[in-house]
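Below is one structure, written out as structure tokens; comments come after it.
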Amino acid sequence: MKTRLNYLQLLIMLISSITFIHCSTASHTSRGSLSEAMEKASDEHEGDRAIETEADVYDQYLEDEYNDFQETRNFANNEERKNEIKHTPNPPSPPQHFDPEEDKEYNTGYLGLKIGSGLLNSGDYTGIQNVNLYIAGHINKKTLLKIYLEYAWSPVSHTNQYAYSIKNSVRIISAGIEVKAYTTPPHTFMGLNMFLGVSFKNFMYWKYKNPIIIEETINGGYIDRDRITWDILSGNELYIGIGVNIAQFYDVNLGGYISPGLIFWDADTFHDFDNDVFKTFLYIKFGLVIEFKLHDFF
């Protein structure tokens, strides 16, 4: 029974389709004979290949309906576009303080080199020389943050009571941060800046002229024997300073600085000697700065 119903439904659908096709074609006005069309399409045909015929009333009706539909759709599309334009939010305007050159300046990093000399508060050393390498970036328009690594050395004076114990000079390696603030627009001729710095850690290294032998005993018994030829004393540093810009080029700045500071030494050396020799260093340094711009660094 089910199969018969399925066949019956299929037959009805087929008949309906044929009827629809027949009705849609039968209502049209004839456009001429097929033979005429064939002859017009023939390679041997000479002249115009057009076939003139009267427009079908149904075709005209469909054309009018199509034109009305197109007009309605175009109107709807135009109204939709108007609504989109009307309701589209305006893009946010850039902040008034935005300056492309200033923004570019903020993205610029700096690789710098400070070379200087200085004086210590003790006559036991003949000054102090230093080389400082740093990298810096902007915190804001007039402030830079630096991370630095410095190497310094201070020759021992012949008047120093330890001049016969320490070979040549003491050497200091330090790493820290520095904040530099401009009091004038950055990188202007003879522009001034002030800075404050603090070291993460300072390490002062020296060599002994003659090795030291350490013999460790417990209750008079021999335990170990250690030969020491060098030692290290750590400390912390705090300094301030004033700088000046001397010359500016596209990628290079040249300046100078003067900087007083303090180095506080720890109570023990690396080899566990109590520090009763090196007191707090009070110094003043001065020198030159050469700075290279690193464009689009940040």
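By convention here, the chains of the structure tokens are called A, B, ... in the order presented, each chain's residues are numbered starting at 1, and ligands are numbered starting at 1 in the order presented.
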Please provide as a PyMOL selection string all residues within 7 Å of segment 233-248 of chain A, with the sequence filter that same-chain residues fewer than 5 positions apart are discarded (counting only C-alpha atoms). chain A and resi 187-205+253-266+268-270
Using only C-alpha atoms, which protein or nucleic acid residues come within 12 Å of Tyr162 of chain A? Drop anything in the same chain fewer than 3 positions from it, and give the result as a PyMOL selection string. chain A and resi 124-125+155-159+165-170+206-209+277-278
Using only C-alpha atoms, which residues sit within 12 Å of Val131 of chain A once same-chain residues fewer than 2 positions away are excluded, as a PyMOL selection string? chain A and resi 112-118+128-129+133-134+148-153+171-175+285-290
Counting only C-alpha atoms, what is within 6 Å of Leu145 of chain A, bar same-chain residues fewer than 2 positions away, as a ChimeraX atom specification? /A:136-137,178-179
Within 6 Å of Leu120 of chain A, counting only C-alpha atoms, which residues qualify if same-chain residues fewer than 4 places away don't, as a count of residues only? 3
When DSSP is applied to the backbone of this structure, which of segment 128-165 of chain A are assigned strand (DSSP E or B)? Write them out as a PDB file with all heavy atoms, in the first residue's frame.
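Saved to result_37.pdb:
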```pdb
ATOM      1  N   ILE A 128      90.223  58.356  39.803  1.00  0.00           N
ATOM      2  CA  ILE A 128      89.434  57.215  39.348  1.00  0.00           C
ATOM      3  C   ILE A 128      89.030  57.448  37.900  1.00  0.00           C
ATOM      4  O   ILE A 128      88.633  58.544  37.524  1.00  0.00           O
ATOM      5  CB  ILE A 128      88.195  56.997  40.251  1.00  0.00           C
ATOM      6  CG1 ILE A 128      87.432  55.743  39.821  1.00  0.00           C
ATOM      7  CG2 ILE A 128      87.290  58.216  40.264  1.00  0.00           C
ATOM      8  CD1 ILE A 128      86.338  55.330  40.815  1.00  0.00           C
ATOM      9  N   GLN A 129      89.179  56.449  37.061  1.00  0.00           N
ATOM     10  CA  GLN A 129      88.784  56.512  35.645  1.00  0.00           C
ATOM     11  C   GLN A 129      87.656  55.501  35.416  1.00  0.00           C
ATOM     12  O   GLN A 129      87.640  54.439  36.046  1.00  0.00           O
ATOM     13  CB  GLN A 129      89.964  56.193  34.726  1.00  0.00           C
ATOM     14  CG  GLN A 129      91.012  57.302  34.635  1.00  0.00           C
ATOM     15  CD  GLN A 129      91.850  57.436  35.887  1.00  0.00           C
ATOM     16  OE1 GLN A 129      92.298  56.440  36.458  1.00  0.00           O
ATOM     17  NE2 GLN A 129      92.054  58.661  36.355  1.00  0.00           N
ATOM     18  N   ASN A 130      86.767  55.824  34.500  1.00  0.00           N
ATOM     19  CA  ASN A 130      85.620  54.940  34.304  1.00  0.00           C
ATOM     20  C   ASN A 130      85.151  54.934  32.849  1.00  0.00           C
ATOM     21  O   ASN A 130      85.296  55.911  32.115  1.00  0.00           O
ATOM     22  CB  ASN A 130      84.461  55.348  35.207  1.00  0.00           C
ATOM     23  CG  ASN A 130      83.889  56.708  34.854  1.00  0.00           C
ATOM     24  OD1 ASN A 130      84.513  57.737  35.126  1.00  0.00           O
ATOM     25  ND2 ASN A 130      82.702  56.705  34.263  1.00  0.00           N
ATOM     26  N   VAL A 131      84.589  53.792  32.448  1.00  0.00           N
ATOM     27  CA  VAL A 131      83.926  53.619  31.163  1.00  0.00           C
ATOM     28  C   VAL A 131      82.562  53.016  31.462  1.00  0.00           C
ATOM     29  O   VAL A 131      82.465  51.976  32.116  1.00  0.00           O
ATOM     30  CB  VAL A 131      84.720  52.701  30.215  1.00  0.00           C
ATOM     31  CG1 VAL A 131      83.958  52.487  28.912  1.00  0.00           C
ATOM     32  CG2 VAL A 131      86.101  53.279  29.937  1.00  0.00           C
ATOM     33  N   ASN A 132      81.520  53.677  30.964  1.00  0.00           N
ATOM     34  CA  ASN A 132      80.150  53.285  31.293  1.00  0.00           C
ATOM     35  C   ASN A 132      79.378  53.036  29.998  1.00  0.00           C
ATOM     36  O   ASN A 132      79.305  53.895  29.128  1.00  0.00           O
ATOM     37  CB  ASN A 132      79.494  54.405  32.119  1.00  0.00           C
ATOM     38  CG  ASN A 132      78.073  54.073  32.552  1.00  0.00           C
ATOM     39  OD1 ASN A 132      77.211  53.797  31.736  1.00  0.00           O
ATOM     40  ND2 ASN A 132      77.837  54.147  33.851  1.00  0.00           N
ATOM     41  N   LEU A 133      78.798  51.847  29.867  1.00  0.00           N
ATOM     42  CA  LEU A 133      77.977  51.498  28.713  1.00  0.00           C
ATOM     43  C   LEU A 133      76.533  51.351  29.184  1.00  0.00           C
ATOM     44  O   LEU A 133      76.269  50.660  30.167  1.00  0.00           O
ATOM     45  CB  LEU A 133      78.462  50.187  28.093  1.00  0.00           C
ATOM     46  CG  LEU A 133      77.703  49.693  26.856  1.00  0.00           C
ATOM     47  CD1 LEU A 133      77.928  50.628  25.671  1.00  0.00           C
ATOM     48  CD2 LEU A 133      78.146  48.276  26.495  1.00  0.00           C
ATOM     49  N   TYR A 134      75.600  52.001  28.472  1.00  0.00           N
ATOM     50  CA  TYR A 134      74.208  51.939  28.915  1.00  0.00           C
ATOM     51  C   TYR A 134      73.252  51.861  27.733  1.00  0.00           C
ATOM     52  O   TYR A 134      73.583  52.186  26.594  1.00  0.00           O
ATOM     53  CB  TYR A 134      73.859  53.156  29.783  1.00  0.00           C
ATOM     54  CG  TYR A 134      73.873  54.486  29.064  1.00  0.00           C
ATOM     55  CD1 TYR A 134      72.763  54.934  28.332  1.00  0.00           C
ATOM     56  CD2 TYR A 134      74.992  55.312  29.138  1.00  0.00           C
ATOM     57  CE1 TYR A 134      72.777  56.152  27.692  1.00  0.00           C
ATOM     58  CE2 TYR A 134      75.009  56.530  28.493  1.00  0.00           C
ATOM     59  CZ  TYR A 134      73.905  56.954  27.771  1.00  0.00           C
ATOM     60  OH  TYR A 134      73.920  58.169  27.125  1.00  0.00           O
ATOM     61  N   ILE A 135      72.042  51.422  28.037  1.00  0.00           N
ATOM     62  CA  ILE A 135      70.927  51.423  27.097  1.00  0.00           C
ATOM     63  C   ILE A 135      69.777  52.132  27.788  1.00  0.00           C
ATOM     64  O   ILE A 135      69.573  51.964  28.995  1.00  0.00           O
ATOM     65  CB  ILE A 135      70.545  49.997  26.653  1.00  0.00           C
ATOM     66  CG1 ILE A 135      69.539  50.040  25.507  1.00  0.00           C
ATOM     67  CG2 ILE A 135      70.028  49.175  27.808  1.00  0.00           C
ATOM     68  CD1 ILE A 135      69.349  48.699  24.827  1.00  0.00           C
ATOM     69  N   ALA A 136      69.038  52.978  27.037  1.00  0.00           N
ATOM     70  CA  ALA A 136      68.028  53.826  27.657  1.00  0.00           C
ATOM     71  C   ALA A 136      66.792  53.920  26.793  1.00  0.00           C
ATOM     72  O   ALA A 136      66.834  53.721  25.579  1.00  0.00           O
ATOM     73  CB  ALA A 136      68.591  55.225  27.914  1.00  0.00           C
ATOM     74  N   GLY A 137      65.661  54.247  27.441  1.00  0.00           N
ATOM     75  CA  GLY A 137      64.396  54.468  26.752  1.00  0.00           C
ATOM     76  C   GLY A 137      63.582  55.503  27.504  1.00  0.00           C
ATOM     77  O   GLY A 137      63.834  55.789  28.684  1.00  0.00           O
ATOM     78  N   HIS A 138      62.583  56.077  26.819  1.00  0.00           N
ATOM     79  CA  HIS A 138      61.773  57.146  27.393  1.00  0.00           C
ATOM     80  C   HIS A 138      60.751  56.613  28.388  1.00  0.00           C
ATOM     81  O   HIS A 138      60.072  55.624  28.131  1.00  0.00           O
ATOM     82  CB  HIS A 138      61.034  57.903  26.293  1.00  0.00           C
ATOM     83  CG  HIS A 138      61.888  58.885  25.561  1.00  0.00           C
ATOM     84  ND1 HIS A 138      62.115  60.167  26.027  1.00  0.00           N
ATOM     85  CD2 HIS A 138      62.598  58.779  24.409  1.00  0.00           C
ATOM     86  CE1 HIS A 138      62.904  60.801  25.177  1.00  0.00           C
ATOM     87  NE2 HIS A 138      63.216  59.981  24.195  1.00  0.00           N
ATOM     88  N   ILE A 139      60.647  57.287  29.539  1.00  0.00           N
ATOM     89  CA  ILE A 139      59.537  57.089  30.467  1.00  0.00           C
ATOM     90  C   ILE A 139      58.408  58.035  30.085  1.00  0.00           C
ATOM     91  O   ILE A 139      57.250  57.669  30.037  1.00  0.00           O
ATOM     92  CB  ILE A 139      59.978  57.337  31.921  1.00  0.00           C
ATOM     93  CG1 ILE A 139      61.084  56.359  32.323  1.00  0.00           C
ATOM     94  CG2 ILE A 139      58.793  57.240  32.872  1.00  0.00           C
ATOM     95  CD1 ILE A 139      61.637  56.606  33.701  1.00  0.00           C
ATOM     96  N   ASN A 140      58.760  59.270  29.810  1.00  0.00           N
ATOM     97  CA  ASN A 140      57.835  60.264  29.286  1.00  0.00           C
ATOM     98  C   ASN A 140      58.622  61.241  28.427  1.00  0.00           C
ATOM     99  O   ASN A 140      59.771  60.958  28.060  1.00  0.00           O
ATOM    100  CB  ASN A 140      57.064  60.978  30.418  1.00  0.00           C
ATOM    101  CG  ASN A 140      57.998  61.608  31.445  1.00  0.00           C
ATOM    102  OD1 ASN A 140      59.001  62.238  31.095  1.00  0.00           O
ATOM    103  ND2 ASN A 140      57.688  61.445  32.709  1.00  0.00           N
ATOM    104  N   THR A 143      61.931  62.418  30.270  1.00  0.00           N
ATOM    105  CA  THR A 143      62.606  61.537  31.228  1.00  0.00           C
ATOM    106  C   THR A 143      63.065  60.250  30.553  1.00  0.00           C
ATOM    107  O   THR A 143      62.305  59.634  29.812  1.00  0.00           O
ATOM    108  CB  THR A 143      61.679  61.194  32.405  1.00  0.00           C
ATOM    109  OG1 THR A 143      61.115  62.390  32.942  1.00  0.00           O
ATOM    110  CG2 THR A 143      62.438  60.464  33.499  1.00  0.00           C
ATOM    111  N   LEU A 144      64.305  59.868  30.840  1.00  0.00           N
ATOM    112  CA  LEU A 144      64.877  58.629  30.322  1.00  0.00           C
ATOM    113  C   LEU A 144      65.196  57.695  31.480  1.00  0.00           C
ATOM    114  O   LEU A 144      65.596  58.137  32.563  1.00  0.00           O
ATOM    115  CB  LEU A 144      66.170  58.902  29.552  1.00  0.00           C
ATOM    116  CG  LEU A 144      66.083  59.489  28.148  1.00  0.00           C
ATOM    117  CD1 LEU A 144      67.488  59.731  27.613  1.00  0.00           C
ATOM    118  CD2 LEU A 144      65.342  58.560  27.219  1.00  0.00           C
ATOM    119  N   LEU A 145      65.046  56.398  31.241  1.00  0.00           N
ATOM    120  CA  LEU A 145      65.477  55.373  32.187  1.00  0.00           C
ATOM    121  C   LEU A 145      66.628  54.602  31.561  1.00  0.00           C
ATOM    122  O   LEU A 145      66.519  54.123  30.434  1.00  0.00           O
ATOM    123  CB  LEU A 145      64.331  54.428  32.523  1.00  0.00           C
ATOM    124  CG  LEU A 145      64.685  53.261  33.456  1.00  0.00           C
ATOM    125  CD1 LEU A 145      65.063  53.784  34.833  1.00  0.00           C
ATOM    126  CD2 LEU A 145      63.525  52.282  33.565  1.00  0.00           C
ATOM    127  N   LYS A 146      67.732  54.491  32.310  1.00  0.00           N
ATOM    128  CA  LYS A 146      68.923  53.821  31.796  1.00  0.00           C
ATOM    129  C   LYS A 146      69.227  52.577  32.623  1.00  0.00           C
ATOM    130  O   LYS A 146      68.993  52.539  33.832  1.00  0.00           O
ATOM    131  CB  LYS A 146      70.146  54.742  31.863  1.00  0.00           C
ATOM    132  CG  LYS A 146      70.049  56.013  31.050  1.00  0.00           C
ATOM    133  CD  LYS A 146      71.343  56.813  31.208  1.00  0.00           C
ATOM    134  CE  LYS A 146      71.328  58.087  30.393  1.00  0.00           C
ATOM    135  NZ  LYS A 146      72.596  58.836  30.556  1.00  0.00           N
ATOM    136  N   ILE A 147      69.771  51.590  31.945  1.00  0.00           N
ATOM    137  CA  ILE A 147      70.383  50.433  32.607  1.00  0.00           C
ATOM    138  C   ILE A 147      71.846  50.420  32.172  1.00  0.00           C
ATOM    139  O   ILE A 147      72.127  50.462  30.965  1.00  0.00           O
ATOM    140  CB  ILE A 147      69.685  49.119  32.222  1.00  0.00           C
ATOM    141  CG1 ILE A 147      68.212  49.155  32.635  1.00  0.00           C
ATOM    142  CG2 ILE A 147      70.387  47.932  32.866  1.00  0.00           C
ATOM    143  CD1 ILE A 147      67.424  47.932  32.218  1.00  0.00           C
ATOM    144  N   TYR A 148      72.753  50.394  33.126  1.00  0.00           N
ATOM    145  CA  TYR A 148      74.163  50.575  32.763  1.00  0.00           C
ATOM    146  C   TYR A 148      75.070  49.492  33.336  1.00  0.00           C
ATOM    147  O   TYR A 148      74.733  48.799  34.299  1.00  0.00           O
ATOM    148  CB  TYR A 148      74.658  51.952  33.217  1.00  0.00           C
ATOM    149  CG  TYR A 148      74.821  52.091  34.719  1.00  0.00           C
ATOM    150  CD1 TYR A 148      75.973  51.659  35.370  1.00  0.00           C
ATOM    151  CD2 TYR A 148      73.817  52.668  35.497  1.00  0.00           C
ATOM    152  CE1 TYR A 148      76.130  51.792  36.740  1.00  0.00           C
ATOM    153  CE2 TYR A 148      73.953  52.799  36.862  1.00  0.00           C
ATOM    154  CZ  TYR A 148      75.111  52.355  37.481  1.00  0.00           C
ATOM    155  OH  TYR A 148      75.258  52.474  38.845  1.00  0.00           O
ATOM    156  N   LEU A 149      76.204  49.376  32.704  1.00  0.00           N
ATOM    157  CA  LEU A 149      77.297  48.529  33.173  1.00  0.00           C
ATOM    158  C   LEU A 149      78.567  49.370  33.107  1.00  0.00           C
ATOM    159  O   LEU A 149      78.868  49.960  32.062  1.00  0.00           O
ATOM    160  CB  LEU A 149      77.440  47.287  32.298  1.00  0.00           C
ATOM    161  CG  LEU A 149      78.560  46.309  32.677  1.00  0.00           C
ATOM    162  CD1 LEU A 149      78.278  45.671  34.032  1.00  0.00           C
ATOM    163  CD2 LEU A 149      78.713  45.227  31.605  1.00  0.00           C
ATOM    164  N   GLU A 150      79.301  49.434  34.226  1.00  0.00           N
ATOM    165  CA  GLU A 150      80.468  50.326  34.294  1.00  0.00           C
ATOM    166  C   GLU A 150      81.711  49.584  34.779  1.00  0.00           C
ATOM    167  O   GLU A 150      81.631  48.706  35.641  1.00  0.00           O
ATOM    168  CB  GLU A 150      80.182  51.500  35.229  1.00  0.00           C
ATOM    169  CG  GLU A 150      81.333  52.492  35.350  1.00  0.00           C
ATOM    170  CD  GLU A 150      80.966  53.735  36.149  1.00  0.00           C
ATOM    171  OE1 GLU A 150      80.184  54.548  35.617  1.00  0.00           O
ATOM    172  OE2 GLU A 150      81.436  53.865  37.298  1.00  0.00           O
ATOM    173  N   TYR A 151      82.812  49.985  34.170  1.00  0.00           N
ATOM    174  CA  TYR A 151      84.116  49.485  34.608  1.00  0.00           C
ATOM    175  C   TYR A 151      84.973  50.694  34.996  1.00  0.00           C
ATOM    176  O   TYR A 151      85.075  51.657  34.230  1.00  0.00           O
ATOM    177  CB  TYR A 151      84.798  48.700  33.488  1.00  0.00           C
ATOM    178  CG  TYR A 151      86.206  48.272  33.802  1.00  0.00           C
ATOM    179  CD1 TYR A 151      86.445  47.214  34.686  1.00  0.00           C
ATOM    180  CD2 TYR A 151      87.301  48.916  33.234  1.00  0.00           C
ATOM    181  CE1 TYR A 151      87.732  46.824  34.985  1.00  0.00           C
ATOM    182  CE2 TYR A 151      88.593  48.528  33.522  1.00  0.00           C
ATOM    183  CZ  TYR A 151      88.807  47.485  34.406  1.00  0.00           C
ATOM    184  OH  TYR A 151      90.088  47.093  34.709  1.00  0.00           O
ATOM    185  N   ALA A 152      85.544  50.633  36.191  1.00  0.00           N
ATOM    186  CA  ALA A 152      86.368  51.739  36.681  1.00  0.00           C
ATOM    187  C   ALA A 152      87.628  51.183  37.327  1.00  0.00           C
ATOM    188  O   ALA A 152      87.663  50.027  37.763  1.00  0.00           O
ATOM    189  CB  ALA A 152      85.595  52.599  37.680  1.00  0.00           C
ATOM    190  N   TRP A 153      88.644  52.001  37.375  1.00  0.00           N
ATOM    191  CA  TRP A 153      89.875  51.603  38.038  1.00  0.00           C
ATOM    192  C   TRP A 153      90.504  52.810  38.716  1.00  0.00           C
ATOM    193  O   TRP A 153      90.336  53.951  38.287  1.00  0.00           O
ATOM    194  CB  TRP A 153      90.849  50.964  37.056  1.00  0.00           C
ATOM    195  CG  TRP A 153      91.349  51.866  35.966  1.00  0.00           C
ATOM    196  CD1 TRP A 153      92.526  52.547  35.930  1.00  0.00           C
ATOM    197  CD2 TRP A 153      90.669  52.174  34.748  1.00  0.00           C
ATOM    198  NE1 TRP A 153      92.641  53.255  34.775  1.00  0.00           N
ATOM    199  CE2 TRP A 153      91.511  53.048  34.025  1.00  0.00           C
ATOM    200  CE3 TRP A 153      89.444  51.809  34.188  1.00  0.00           C
ATOM    201  CZ2 TRP A 153      91.154  53.561  32.780  1.00  0.00           C
ATOM    202  CZ3 TRP A 153      89.098  52.322  32.955  1.00  0.00           C
ATOM    203  CH2 TRP A 153      89.939  53.180  32.266  1.00  0.00           C
ATOM    204  N   SER A 154      91.197  52.530  39.807  1.00  0.00           N
ATOM    205  CA  SER A 154      91.810  53.587  40.603  1.00  0.00           C
ATOM    206  C   SER A 154      93.218  53.148  41.023  1.00  0.00           C
ATOM    207  O   SER A 154      93.378  52.237  41.843  1.00  0.00           O
ATOM    208  CB  SER A 154      90.961  53.869  41.850  1.00  0.00           C
ATOM    209  OG  SER A 154      91.514  54.923  42.602  1.00  0.00           O
ATOM    210  N   PRO A 155      94.246  53.750  40.428  1.00  0.00           N
ATOM    211  CA  PRO A 155      95.626  53.380  40.795  1.00  0.00           C
ATOM    212  C   PRO A 155      95.926  53.710  42.262  1.00  0.00           C
ATOM    213  O   PRO A 155      95.480  54.733  42.789  1.00  0.00           O
ATOM    214  CB  PRO A 155      96.481  54.237  39.859  1.00  0.00           C
ATOM    215  CG  PRO A 155      95.569  54.614  38.735  1.00  0.00           C
ATOM    216  CD  PRO A 155      94.205  54.728  39.337  1.00  0.00           C
ATOM    217  N   VAL A 156      96.672  52.838  42.891  1.00  0.00           N
ATOM    218  CA  VAL A 156      97.043  53.039  44.287  1.00  0.00           C
ATOM    219  C   VAL A 156      98.219  54.012  44.362  1.00  0.00           C
ATOM    220  O   VAL A 156      99.228  53.861  43.676  1.00  0.00           O
ATOM    221  CB  VAL A 156      97.427  51.707  44.949  1.00  0.00           C
ATOM    222  CG1 VAL A 156      97.871  51.927  46.392  1.00  0.00           C
ATOM    223  CG2 VAL A 156      96.249  50.743  44.900  1.00  0.00           C
TER     224      VAL A 156
END
```
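We find atom CA of Asn275 of chain A and atom CA of Ile218 of chain A to be spaced 24.1 Å apart.
The space separating atom CA of Asn121 of chain A from atom CA of Lys279 of chain A comes to 10.4 Å.
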I want to know what sits within 9 Å of segment 223-227 of chain A, based on only C-alpha atoms, with residues of the same chain fewer than 6 positions away left out; could you give that as a ChimeraX atom specification? /A:211-217
